[in-house]
>>> print(open('data.txt').read())   # compact mmCIF, C-alpha atoms
# COMPACT_ATOMS: atom_id res chain seq x y z
CA MET Q 145 -233.83 -147.46 -0.33
CA ARG Q 146 -230.93 -149.53 0.96
CA GLU Q 147 -231.19 -151.82 -2.07
CA LYS Q 148 -231.03 -148.80 -4.39
CA TYR Q 149 -227.92 -147.54 -2.59
CA LEU Q 150 -226.30 -150.96 -2.85
CA LYS Q 151 -227.03 -151.19 -6.60
CA SER Q 152 -225.54 -147.72 -7.17
CA LEU Q 153 -222.44 -148.79 -5.29
CA ILE Q 154 -222.12 -151.97 -7.37
CA HIS Q 155 -222.61 -150.00 -10.59
CA PHE Q 156 -219.90 -147.55 -9.54
CA PHE Q 157 -217.50 -150.35 -8.68
CA THR Q 158 -218.28 -152.13 -11.97
CA LEU Q 159 -217.59 -148.94 -13.90
CA PHE Q 160 -214.29 -148.60 -12.06
CA LEU Q 161 -213.35 -152.17 -13.04
CA ILE Q 162 -214.27 -151.60 -16.69
CA ILE Q 163 -212.20 -148.42 -16.85
CA THR Q 164 -209.31 -150.26 -15.20
CA TYR Q 165 -209.73 -153.03 -17.76
CA LEU Q 166 -209.70 -150.64 -20.70
CA HIS Q 167 -206.53 -149.00 -19.47
CA ALA Q 168 -204.67 -152.17 -18.59
CA ASP Q 169 -201.27 -152.01 -20.26
CA GLU Q 170 -201.44 -155.27 -22.18
CA PRO Q 171 -201.00 -154.71 -25.94
CA VAL Q 172 -204.12 -154.82 -28.10
CA ASN Q 173 -203.80 -156.74 -31.34
CA PRO Q 174 -204.46 -154.39 -34.23
CA ILE Q 175 -207.19 -155.35 -36.70
CA LYS Q 176 -205.63 -156.12 -40.06
CA ILE Q 177 -207.50 -154.19 -42.73
CA MET Q 178 -206.89 -154.65 -46.46
CA PRO Q 179 -208.01 -151.81 -48.73
CA LEU Q 180 -208.67 -153.79 -51.94
CA GLY Q 181 -209.59 -152.31 -55.28
CA ASP Q 182 -208.43 -150.09 -58.12
CA SER Q 183 -207.21 -146.49 -58.50
CA ILE Q 184 -209.85 -145.20 -56.09
CA THR Q 185 -208.05 -147.24 -53.43
CA SER Q 186 -204.48 -146.60 -54.63
CA GLY Q 187 -204.86 -142.85 -55.15
CA TYR Q 188 -204.04 -142.66 -58.85
CA ILE Q 189 -205.78 -139.85 -60.77
CA LEU Q 190 -206.11 -139.26 -64.53
CA SER Q 191 -203.51 -136.45 -64.63
CA ASP Q 192 -200.93 -139.01 -63.39
CA LEU Q 193 -201.02 -140.44 -66.89
CA ASP Q 194 -199.23 -137.43 -68.42
CA ASN Q 195 -197.64 -135.96 -65.30
CA PRO Q 196 -197.20 -138.82 -62.87
CA ARG Q 197 -196.96 -137.81 -59.23
CA PRO Q 198 -194.69 -139.93 -57.03
CA PHE Q 199 -196.40 -142.87 -55.35
CA SER Q 200 -195.30 -141.41 -52.03
CA ILE Q 201 -198.01 -138.72 -52.23
CA ARG Q 202 -200.87 -140.86 -53.54
CA THR Q 203 -203.44 -141.77 -50.91
CA GLY Q 204 -206.97 -142.33 -52.17
CA TYR Q 205 -209.25 -142.52 -49.11
CA ARG Q 206 -206.68 -144.45 -47.08
CA ASN Q 207 -205.00 -141.62 -45.17
CA HIS Q 208 -208.31 -140.17 -44.01
CA LEU Q 209 -209.51 -143.61 -42.96
CA TRP Q 210 -206.36 -144.07 -40.92
CA TYR Q 211 -206.79 -140.68 -39.23
CA ILE Q 212 -210.44 -141.35 -38.38
CA LEU Q 213 -209.66 -144.77 -36.93
CA SER Q 214 -206.64 -143.45 -35.01
CA ASN Q 215 -208.61 -140.57 -33.55
CA ALA Q 216 -211.17 -143.09 -32.33
CA ALA Q 217 -208.35 -145.17 -30.76
CA PHE Q 218 -209.24 -148.04 -33.09
CA SER Q 219 -206.12 -150.15 -33.45
CA ALA Q 220 -205.65 -150.95 -37.15
CA ASP Q 221 -202.92 -152.40 -39.33
CA PHE Q 222 -203.43 -151.76 -43.05
CA VAL Q 223 -202.12 -154.69 -45.09
CA GLY Q 224 -201.35 -155.27 -48.77
CA SER Q 225 -198.47 -155.70 -51.18
CA GLN Q 226 -198.58 -152.10 -52.44
CA ILE Q 227 -197.25 -148.99 -50.72
CA ALA Q 228 -198.28 -145.41 -51.49
CA GLY Q 229 -198.51 -142.22 -49.48
CA GLN Q 230 -195.30 -142.39 -47.41
CA LYS Q 231 -194.62 -138.63 -47.66
CA ILE Q 232 -198.08 -137.57 -46.53
CA VAL Q 233 -198.28 -135.71 -43.23
CA PRO Q 234 -199.58 -136.78 -40.77
CA PRO Q 235 -198.11 -140.16 -41.58
CA PHE Q 236 -200.35 -143.19 -41.89
CA ASP Q 237 -200.06 -146.92 -42.63
CA THR Q 238 -199.47 -146.91 -46.39
CA ASP Q 239 -199.92 -150.62 -47.17
CA HIS Q 240 -202.79 -151.38 -49.52
CA GLU Q 241 -204.00 -153.55 -52.38
CA GLY Q 242 -205.28 -150.93 -54.83
CA HIS Q 243 -204.36 -151.53 -58.49
CA ARG Q 244 -205.06 -148.72 -60.89
CA GLY Q 245 -206.98 -149.53 -64.03
CA TRP Q 246 -207.85 -153.04 -62.92
CA HIS Q 247 -211.28 -154.45 -63.52
CA SER Q 248 -212.89 -156.94 -61.18
CA ASN Q 249 -211.83 -160.05 -63.12
CA GLU Q 250 -208.17 -159.03 -62.97
CA LEU Q 251 -208.44 -158.52 -59.24
CA ALA Q 252 -210.22 -161.87 -58.84
CA GLU Q 253 -207.23 -163.67 -60.40
CA LYS Q 254 -204.94 -162.33 -57.64
CA THR Q 255 -207.30 -162.21 -54.68
CA TYR Q 256 -206.37 -165.57 -53.16
CA GLU Q 257 -202.67 -164.68 -53.34
CA TYR Q 258 -203.39 -161.37 -51.60
CA MET Q 259 -205.34 -163.10 -48.84
CA VAL Q 260 -202.44 -165.49 -48.22
CA SER Q 261 -199.84 -162.73 -48.02
CA GLY Q 262 -201.95 -160.21 -46.11
CA ASN Q 263 -204.12 -162.52 -43.99
CA PRO Q 264 -206.56 -159.65 -43.29
CA ASP Q 265 -209.30 -159.58 -40.67
CA ILE Q 266 -211.32 -157.10 -42.70
CA VAL Q 267 -211.35 -156.48 -46.47
CA LEU Q 268 -212.59 -153.19 -47.89
CA LEU Q 269 -213.63 -154.01 -51.45
CA HIS Q 270 -214.31 -151.15 -53.86
CA ILE Q 271 -214.07 -152.51 -57.39
CA GLY Q 272 -215.94 -152.27 -60.69
CA THR Q 273 -215.31 -148.71 -61.87
CA ASN Q 274 -213.12 -149.99 -64.73
CA ASP Q 275 -215.48 -152.81 -65.69
CA TYR Q 276 -217.78 -150.62 -67.83
CA SER Q 277 -220.36 -153.36 -67.39
CA SER Q 278 -223.28 -154.11 -65.11
CA SER Q 279 -222.04 -157.69 -64.62
CA VAL Q 280 -220.82 -158.55 -61.13
CA ALA Q 281 -219.32 -161.91 -62.09
CA GLY Q 282 -215.83 -160.62 -61.28
CA VAL Q 283 -216.90 -159.49 -57.83
CA ALA Q 284 -218.48 -162.90 -57.22
CA SER Q 285 -215.14 -164.49 -58.16
CA ILE Q 286 -213.31 -162.24 -55.71
CA LEU Q 287 -215.72 -163.24 -52.93
CA ASN Q 288 -215.33 -166.90 -53.88
CA SER Q 289 -211.56 -166.60 -53.54
CA ILE Q 290 -211.92 -165.00 -50.11
CA ASP Q 291 -214.30 -167.78 -49.05
CA LEU Q 292 -211.84 -170.37 -50.27
CA TYR Q 293 -209.02 -168.77 -48.29
CA GLU Q 294 -211.20 -168.72 -45.18
CA GLN Q 295 -211.93 -172.43 -45.59
CA VAL Q 296 -208.32 -173.39 -46.20
CA SER Q 297 -206.77 -171.17 -43.53
CA GLY Q 298 -209.52 -171.28 -40.93
CA HIS Q 299 -209.12 -167.51 -40.63
CA PRO Q 300 -212.46 -165.65 -40.76
CA ILE Q 301 -212.58 -162.48 -42.83
CA ARG Q 302 -215.20 -159.78 -42.60
CA VAL Q 303 -215.75 -158.46 -46.13
CA LEU Q 304 -217.17 -154.98 -46.62
CA VAL Q 305 -218.38 -154.74 -50.22
CA ALA Q 306 -219.02 -151.28 -51.61
CA LYS Q 307 -221.73 -150.18 -53.91
CA ILE Q 308 -219.15 -148.14 -55.80
CA ILE Q 309 -219.09 -144.38 -56.20
CA ASP Q 310 -220.53 -142.89 -59.35
CA ASN Q 311 -218.50 -140.96 -61.92
CA ALA Q 312 -218.43 -137.17 -61.55
CA SER Q 313 -221.22 -137.14 -64.15
CA PRO Q 314 -223.75 -139.85 -63.27
CA ASN Q 315 -223.10 -143.07 -65.14
CA GLY Q 316 -226.03 -145.41 -65.72
CA ILE Q 317 -223.82 -148.47 -65.99
CA ILE Q 318 -222.51 -147.91 -62.47
CA GLY Q 319 -226.09 -147.61 -61.23
CA SER Q 320 -226.94 -150.98 -62.81
CA PHE Q 321 -223.71 -152.51 -61.51
CA ASN Q 322 -224.59 -151.39 -57.99
CA LYS Q 323 -228.07 -152.88 -58.19
CA ASN Q 324 -226.48 -156.18 -59.10
CA ILE Q 325 -223.93 -155.80 -56.30
CA GLN Q 326 -226.81 -155.39 -53.86
CA SER Q 327 -228.48 -158.56 -55.17
CA LEU Q 328 -225.21 -160.47 -55.02
CA VAL Q 329 -224.44 -159.43 -51.46
CA THR Q 330 -228.02 -160.06 -50.33
CA SER Q 331 -227.89 -163.57 -51.75
CA ARG Q 332 -224.56 -164.33 -50.11
CA ILE Q 333 -225.62 -162.99 -46.71
CA LEU Q 334 -228.66 -165.26 -46.84
CA ASP Q 335 -226.29 -168.15 -47.56
CA GLY Q 336 -224.36 -167.32 -44.39
CA ASP Q 337 -221.45 -165.33 -45.88
CA ASN Q 338 -219.92 -162.74 -43.54
CA ILE Q 339 -220.39 -159.76 -45.85
CA THR Q 340 -221.62 -156.25 -45.26
CA LEU Q 341 -222.92 -154.06 -48.07
CA VAL Q 342 -221.49 -150.55 -47.82
CA ASP Q 343 -223.29 -147.85 -49.75
CA MET Q 344 -220.68 -145.54 -51.24
CA TYR Q 345 -222.92 -144.88 -54.25
CA ARG Q 346 -225.42 -142.72 -52.37
CA GLY Q 347 -224.26 -143.14 -48.79
CA ALA Q 348 -220.97 -141.29 -49.19
CA GLY Q 349 -222.80 -138.28 -50.63
CA LEU Q 350 -220.19 -137.34 -53.23
CA GLN Q 351 -221.05 -134.26 -55.30
CA GLY Q 352 -219.42 -133.02 -58.51
CA SER Q 353 -217.12 -130.82 -56.41
CA ASP Q 354 -215.76 -133.92 -54.63
CA TYR Q 355 -214.02 -135.18 -57.79
CA THR Q 356 -210.61 -134.27 -59.15
CA ASP Q 357 -211.47 -135.69 -62.61
CA MET Q 358 -214.28 -137.65 -64.23
CA ILE Q 359 -213.62 -140.74 -62.14
CA HIS Q 360 -211.50 -140.04 -59.09
CA PRO Q 361 -212.41 -138.25 -55.85
CA ASN Q 362 -210.39 -135.31 -54.57
CA ASP Q 363 -209.42 -134.88 -50.93
CA SER Q 364 -212.95 -133.95 -49.78
CA GLY Q 365 -214.41 -136.89 -51.71
CA ASN Q 366 -211.86 -139.25 -50.23
CA TYR Q 367 -212.70 -137.99 -46.75
CA LYS Q 368 -216.38 -138.79 -47.37
CA ILE Q 369 -215.51 -142.31 -48.54
CA ALA Q 370 -213.22 -142.85 -45.54
CA SER Q 371 -215.96 -141.73 -43.16
CA VAL Q 372 -218.36 -144.35 -44.51
CA TRP Q 373 -215.76 -147.11 -44.28
CA ALA Q 374 -214.83 -146.05 -40.74
CA ASN Q 375 -218.42 -146.12 -39.50
CA VAL Q 376 -218.91 -149.66 -40.74
CA ILE Q 377 -215.50 -150.88 -39.55
CA MET Q 378 -216.01 -149.58 -36.03
CA ALA Q 379 -219.58 -150.76 -35.66
CA PRO Q 380 -219.33 -153.64 -33.18
CA TYR Q 381 -221.00 -155.94 -35.66
CA THR Q 382 -220.54 -159.61 -35.07
CA HIS Q 383 -221.83 -161.97 -37.67
CA ASN Q 384 -224.69 -164.14 -36.51
CA PRO Q 385 -225.38 -166.89 -39.07
CA GLU Q 386 -228.65 -167.89 -37.38
CA LEU Q 387 -229.96 -164.34 -37.61
CA ALA Q 388 -228.74 -164.03 -41.21
CA ARG Q 389 -230.65 -167.16 -42.18
CA PHE Q 390 -233.95 -166.00 -40.64
CA PRO Q 391 -235.39 -164.46 -43.88
CA THR Q 392 -235.08 -167.72 -45.80
CA THR Q 393 -236.92 -169.58 -43.04
CA ILE Q 394 -240.11 -167.75 -44.02
CA ILE Q 395 -239.64 -166.89 -47.70
CA SER Q 396 -237.66 -168.07 -50.72
CA LYS Q 397 -234.49 -166.16 -51.50
CA GLU Q 398 -235.63 -164.98 -54.92
CA TYR Q 399 -238.32 -162.73 -53.40
CA ILE Q 400 -235.92 -160.96 -51.04
CA GLN Q 401 -234.64 -157.67 -52.44
CA SER Q 402 -232.29 -156.37 -49.77
CA VAL Q 403 -230.93 -157.40 -46.40
CA ASN Q 404 -229.34 -155.34 -43.69
CA ILE Q 405 -228.01 -156.50 -40.34
CA ASN Q 406 -227.79 -153.67 -37.83
CA ALA Q 407 -224.56 -152.40 -36.34
CA VAL Q 408 -224.57 -154.54 -33.23
CA GLY Q 409 -225.62 -157.63 -35.14
CA ASP Q 410 -228.80 -158.38 -33.20
CA THR Q 411 -231.46 -157.29 -35.69
CA ILE Q 412 -231.99 -158.15 -39.34
CA GLU Q 413 -234.11 -156.00 -41.63
CA PHE Q 414 -235.11 -157.11 -45.10
CA ILE Q 415 -237.37 -155.98 -47.90
CA THR Q 416 -239.29 -158.57 -49.84
CA SER Q 417 -242.10 -158.94 -52.32
CA ILE Q 418 -244.91 -161.33 -51.42
CA PRO Q 419 -245.40 -164.60 -53.31
CA ALA Q 420 -248.88 -165.73 -54.37
CA ALA Q 421 -248.99 -168.21 -51.50
CA GLY Q 422 -248.22 -165.43 -49.02
CA ILE Q 423 -245.67 -165.34 -46.21
CA THR Q 424 -246.16 -167.47 -43.12
CA PHE Q 425 -244.22 -166.58 -39.98
CA MET I 179 -204.94 -160.10 -14.13
CA LYS I 180 -206.78 -158.36 -16.95
CA ASN I 181 -209.03 -161.33 -17.52
CA THR I 182 -209.80 -161.53 -13.82
CA ILE I 183 -210.94 -157.90 -13.85
CA LEU I 184 -213.13 -158.56 -16.89
CA ILE I 185 -214.74 -161.65 -15.39
CA LEU I 186 -215.42 -159.80 -12.14
CA ALA I 187 -217.00 -156.90 -14.04
CA ILE I 188 -219.24 -159.23 -16.04
CA PHE I 189 -220.25 -161.06 -12.88
CA LEU I 190 -221.20 -157.82 -11.17
CA LEU I 191 -223.16 -156.59 -14.18
CA ASN I 192 -225.10 -159.84 -14.22
CA ALA I 193 -225.64 -159.64 -10.48
CA CYS I 194 -227.14 -156.16 -10.82
CA GLY I 195 -229.49 -157.30 -13.55
CA SER I 196 -232.64 -155.55 -14.59
CA SER I 197 -235.53 -155.76 -12.22
CA GLY I 198 -237.95 -155.35 -15.11
CA GLY I 199 -237.26 -158.80 -16.58
CA SER I 200 -237.38 -159.64 -20.28
CA ASP I 201 -239.44 -161.91 -22.48
CA GLY I 202 -236.91 -161.84 -25.32
CA ASN I 203 -239.08 -159.56 -27.42
CA THR I 204 -237.92 -156.19 -26.18
CA ASN I 205 -237.09 -154.71 -29.60
CA VAL I 206 -240.44 -155.38 -31.24
CA SER I 207 -242.63 -152.34 -31.75
CA GLY I 208 -245.85 -151.67 -33.64
CA ILE I 209 -249.51 -152.42 -33.31
CA THR I 210 -250.78 -155.94 -32.69
CA PRO I 211 -254.07 -156.41 -34.56
CA ASP I 212 -256.88 -158.65 -33.36
CA ARG I 213 -257.23 -162.17 -34.70
CA GLY I 214 -258.50 -162.38 -38.27
CA ASP I 215 -257.73 -160.32 -41.37
CA THR I 216 -256.42 -156.76 -41.32
CA SER I 217 -255.79 -154.62 -44.40
CA MET I 218 -252.29 -153.31 -43.93
CA VAL I 219 -251.68 -149.56 -44.06
CA ILE I 220 -248.52 -148.29 -45.73
CA ASN I 221 -245.76 -147.27 -43.27
CA GLN I 222 -247.65 -148.75 -40.30
CA GLN I 223 -245.70 -151.32 -38.30
CA TYR I 224 -247.46 -154.50 -37.20
CA VAL I 225 -246.24 -157.09 -34.72
CA VAL I 226 -246.49 -160.65 -36.01
CA SER I 227 -245.93 -163.99 -34.30
CA GLU I 228 -245.38 -167.54 -35.41
CA GLY I 229 -248.28 -168.75 -37.57
CA ASP I 230 -249.36 -165.28 -38.74
CA GLN I 231 -249.57 -164.77 -42.50
CA ILE I 232 -249.35 -161.97 -45.05
CA PHE I 233 -251.07 -162.11 -48.44
CA LYS I 234 -250.64 -159.68 -51.28
CA ASP I 235 -253.67 -157.81 -52.61
CA SER I 236 -251.68 -156.31 -55.49
CA ASP I 237 -248.73 -157.58 -57.48
CA LEU I 238 -246.60 -154.65 -56.35
CA ALA I 239 -246.98 -155.47 -52.67
CA LYS I 240 -243.68 -155.17 -50.87
CA VAL I 241 -242.98 -155.37 -47.13
CA LYS I 242 -240.12 -154.60 -44.79
CA ILE I 243 -239.62 -157.21 -42.08
CA ILE I 244 -237.56 -156.59 -38.97
CA HIS I 245 -236.53 -159.50 -36.80
CA SER I 246 -234.40 -159.44 -33.67
CA ASP I 247 -232.12 -162.20 -32.51
CA GLY I 248 -233.86 -164.52 -30.09
CA ASN I 249 -237.29 -162.98 -30.59
CA THR I 250 -240.36 -165.01 -31.36
CA ARG I 251 -242.04 -161.98 -32.88
CA SER I 252 -241.18 -159.73 -35.83
CA THR I 253 -242.28 -156.34 -37.12
CA VAL I 254 -243.82 -156.01 -40.58
CA GLU I 255 -244.35 -152.80 -42.50
CA LEU I 256 -246.07 -152.46 -45.88
CA ILE I 257 -243.93 -150.17 -48.02
CA GLU I 258 -245.62 -150.55 -51.42
CA GLY I 259 -248.88 -151.93 -52.90
CA SER I 260 -251.57 -153.50 -50.76
CA ALA I 261 -251.63 -156.58 -48.54
CA THR I 262 -253.60 -158.34 -45.82
CA LEU I 263 -252.27 -159.52 -42.50
CA ARG I 264 -253.92 -162.65 -41.14
CA LYS I 265 -253.44 -162.90 -37.40
CA ASN I 266 -253.82 -166.41 -36.02
>>> encode(input="data.txt", output="structure tokens")
Amino acid sequence: MREKYLKSLIHFFTLFLIITYLHADEPVNPIKIMPLGDSITSGYILSDLDNPRPFSIRTGYRNHLWYILSNAAFSADFVGSQIAGQKIVPPFDTDHEGHRGWHSNELAEKTYEYMVSGNPDIVLLHIGTNDYSSSVAGVASILNSIDLYEQVSGHPIRVLVAKIIDNASPNGIIGSFNKNIQSLVTSRILDGDNITLVDMYRGAGLQGSDYTDMIHPNDSGNYKIASVWANVIMAPYTHNPELARFPTTIISKEYIQSVNINAVGDTIEFITSIPAAGITF
Amino acid sequence: MKNTILILAIFLLNACGSSGGSDGNTNVSGITPDRGDTSMVINQQYVVSEGDQIFKDSDLAKVKIIHSDGNTRSTVELIEGSATLRKN
């Protein structure tokens, strides 16, 4: 009985210390987040071609992401060479690296430069809508450039790679592209890359009514995309290379179809076919 | 000062500890079959340890494997086709 009382007292005191710690007035370094991609990141829509709106009111998903993170007291600093959305209320951090009309190979050519100038902690990569191809070679090049920057700078970057949203009318090429994105990311995770696959394709739940034109989301669609990004960003995931390598300790990479590391980074879940020789644990 | 508070909090949390103890396999769930061969049932989770094996009984056989950091056991679930679990 006395021991129970003592433990309760220690728990209470510990809780008090933690609360004191969380409210200590030392500044918290914001996490530098780079929204990287095309018009879905920048906020351009097809009607801007004939009647261009000012850049100051273009947002994509970025304003909603900022609001969600801010409301959760998550300290973020959006980074990038582009600025758009300055006149939006409530105000948000308008820096980004979204380039309308770009396909993945164009973005790959500039990725290293963007990493140097932005030095992000997290990259949100949503690219491929303009590729009109199921090839993910451009995305692989982007990831290679990020890896190179990490090696040269010594600065680790957590890359969140999206299975991209579909068009307003389902587009088979995007479905094939996303399957290849999943394979690419799975392979790189197994090789120890700090990447997380983010399912915007089905996970964001965009319906026809969430689009402002054939390609681009409207405000409700952008909110859905932002919500998915925010959940992954705020998950206290810490990359564990040893855990990420576990699948390949029991089975060859080519049999593994998908890999997912849970939010707190302590459990890996993967789906695999079984080779003729079986799987030995 | 802030770091001192944090270190003290961590120390106290460790001091409290869990009286239940842990064998490092706390996240593993599912049935543990007897030694020998077991035909796997779709959507049923099985606990496997080092040395256990899975063989496919159909070409389509596909499994989901869940492994927790630091565990010596994993969970296996047949999600498609047919397969046999050999428990050693």
>>> interface_residues(input="data.txt", of="chain Q", to="chain I", cutoff="6 Å", atoms="only C-alpha atoms", output="tab-separated table (two decimals) with C-alpha atoms, in the coordinates of the input")
chain	number	residue	atom	x	y	z
Q	158	THR	CA	-218.28	-152.13	-11.97
Q	387	LEU	CA	-229.96	-164.34	-37.61
Q	410	ASP	CA	-228.80	-158.38	-33.20
Q	411	THR	CA	-231.46	-157.29	-35.69
Q	412	ILE	CA	-231.99	-158.15	-39.34
Q	413	GLU	CA	-234.11	-156.00	-41.63
Q	414	PHE	CA	-235.11	-157.11	-45.10
Q	415	ILE	CA	-237.37	-155.98	-47.90
Q	416	THR	CA	-239.29	-158.57	-49.84
Q	417	SER	CA	-242.10	-158.94	-52.32
Q	418	ILE	CA	-244.91	-161.33	-51.42
Q	422	GLY	CA	-248.22	-165.43	-49.02
Q	423	ILE	CA	-245.67	-165.34	-46.21
Q	424	THR	CA	-246.16	-167.47	-43.12
Q	425	PHE	CA	-244.22	-166.58	-39.98
>>> atom_distance(input="data.txt", atom1="atom CA of Lys265 of chain I", atom2="atom CA of Val219 of chain I")
15.0 Å
>>> atom_distance(input="data.txt", atom1="atom CA of Thr203 of chain Q", atom2="atom CA of Ile232 of chain Q")
8.1 Å
>>> closest_residue(input="data.txt", among="Q:Pro300, Q:Pro196, Q:Gly319, Q:Pro361", to="Gly272 of chain Q", atoms="only C-alpha atoms")
Q:Gly319
>>> atom_distance(input="data.txt", atom1="atom CA of Lys231 of chain Q", atom2="atom CA of Asn366 of chain Q")
17.4 Å
>>> residues_near_point(input="data.txt", point="(-223.7, -159.8, -55.3)", cutoff="12 Å", atoms="all atoms listed in the file", output="ChimeraX atom specification")
/Q:278-288,304-307,321-335,337,339-341,401-403
>>> closest_residue(input="data.txt", among="Q:Ile394, Q:Ile189, Q:Val342, Q:Ile317", to="Arg244 of chain Q", atoms="all atoms listed in the file")
Q:Ile189
>>> residues_around(input="data.txt", residues="Thr238 of chain Q", least_positions_apart="3", cutoff="6 Å", atoms="only C-alpha atoms", output="VMD selection string")
chain Q and resid 227 to 229
>>> axis_aligned_box(input="data.txt", around="segment 226-231 of chain Q", padding_each_side="8 Å", output="lines of an AutoDock Vina configuration file")
center_x = -196.6
center_y = -145.4
center_z = -49.9
size_x = 20.0
size_y = 29.5
size_z = 21.0
>>> residues_around(input="data.txt", residues="Asn315 of chain Q", least_positions_apart="2", cutoff="12 Å", atoms="all atoms listed in the file", output="list in words")
Thr273, Tyr276, Ser277, Ser278, Ile308, Ile309, Asp310, Asn311, Ala312, Ser313, Ile317, Ile318, Gly319, Ser320, Phe321, Asn322, Tyr345, Met358 and Ile359 of chain Q
>>> residues_around(input="data.txt", residues="Tyr188 of chain Q", least_positions_apart="6", cutoff="9 Å", atoms="only C-alpha atoms", output="ChimeraX atom specification")
/Q:182,196-197,199,202-204,243-244,360
>>> decode(input="data.txt", residues="segment 245-278 of chain Q", atoms="C-alpha atoms", output="mmCIF file, in the first residue's frame")
data_model
loop_
_atom_site.group_PDB
_atom_site.id
_atom_site.type_symbol
_atom_site.label_atom_id
_atom_site.label_comp_id
_atom_site.auth_asym_id
_atom_site.auth_seq_id
_atom_site.Cartn_x
_atom_site.Cartn_y
_atom_site.Cartn_z
ATOM 1 C CA GLY Q 245 3.808 22.132 -65.413
ATOM 2 C CA TRP Q 246 7.064 20.477 -64.448
ATOM 3 C CA HIS Q 247 7.559 16.781 -64.892
ATOM 4 C CA SER Q 248 9.752 14.729 -62.595
ATOM 5 C CA ASN Q 249 12.872 14.886 -64.791
ATOM 6 C CA GLU Q 250 12.786 18.686 -64.831
ATOM 7 C CA LEU Q 251 12.498 18.747 -61.064
ATOM 8 C CA ALA Q 252 15.336 16.224 -60.745
ATOM 9 C CA GLU Q 253 17.684 18.588 -62.604
ATOM 10 C CA LYS Q 254 17.156 21.274 -59.945
ATOM 11 C CA THR Q 255 16.689 19.182 -56.820
ATOM 12 C CA TYR Q 256 20.276 19.333 -55.572
ATOM 13 C CA GLU Q 257 20.295 23.118 -55.954
ATOM 14 C CA TYR Q 258 17.051 23.334 -53.971
ATOM 15 C CA MET Q 259 18.456 21.168 -51.192
ATOM 16 C CA VAL Q 260 21.520 23.416 -50.916
ATOM 17 C CA SER Q 261 19.487 26.618 -50.735
ATOM 18 C CA GLY Q 262 16.678 25.302 -48.536
ATOM 19 C CA ASN Q 263 18.546 22.738 -46.409
ATOM 20 C CA PRO Q 264 15.229 21.122 -45.378
ATOM 21 C CA ASP Q 265 14.694 18.625 -42.581
ATOM 22 C CA ILE Q 266 11.653 17.182 -44.317
ATOM 23 C CA VAL Q 267 10.767 17.110 -48.033
ATOM 24 C CA LEU Q 268 7.175 16.640 -49.166
ATOM 25 C CA LEU Q 269 7.452 15.246 -52.686
ATOM 26 C CA HIS Q 270 4.341 15.174 -54.870
ATOM 27 C CA ILE Q 271 5.456 14.887 -58.484
ATOM 28 C CA GLY Q 272 4.522 12.958 -61.621
ATOM 29 C CA THR Q 273 1.146 14.388 -62.637
ATOM 30 C CA ASN Q 274 2.707 16.037 -65.711
ATOM 31 C CA ASP Q 275 4.786 13.008 -66.670
ATOM 32 C CA TYR Q 276 1.956 11.214 -68.509
ATOM 33 C CA SER Q 277 4.009 8.067 -68.059
ATOM 34 C CA SER Q 278 4.199 5.168 -65.631
#
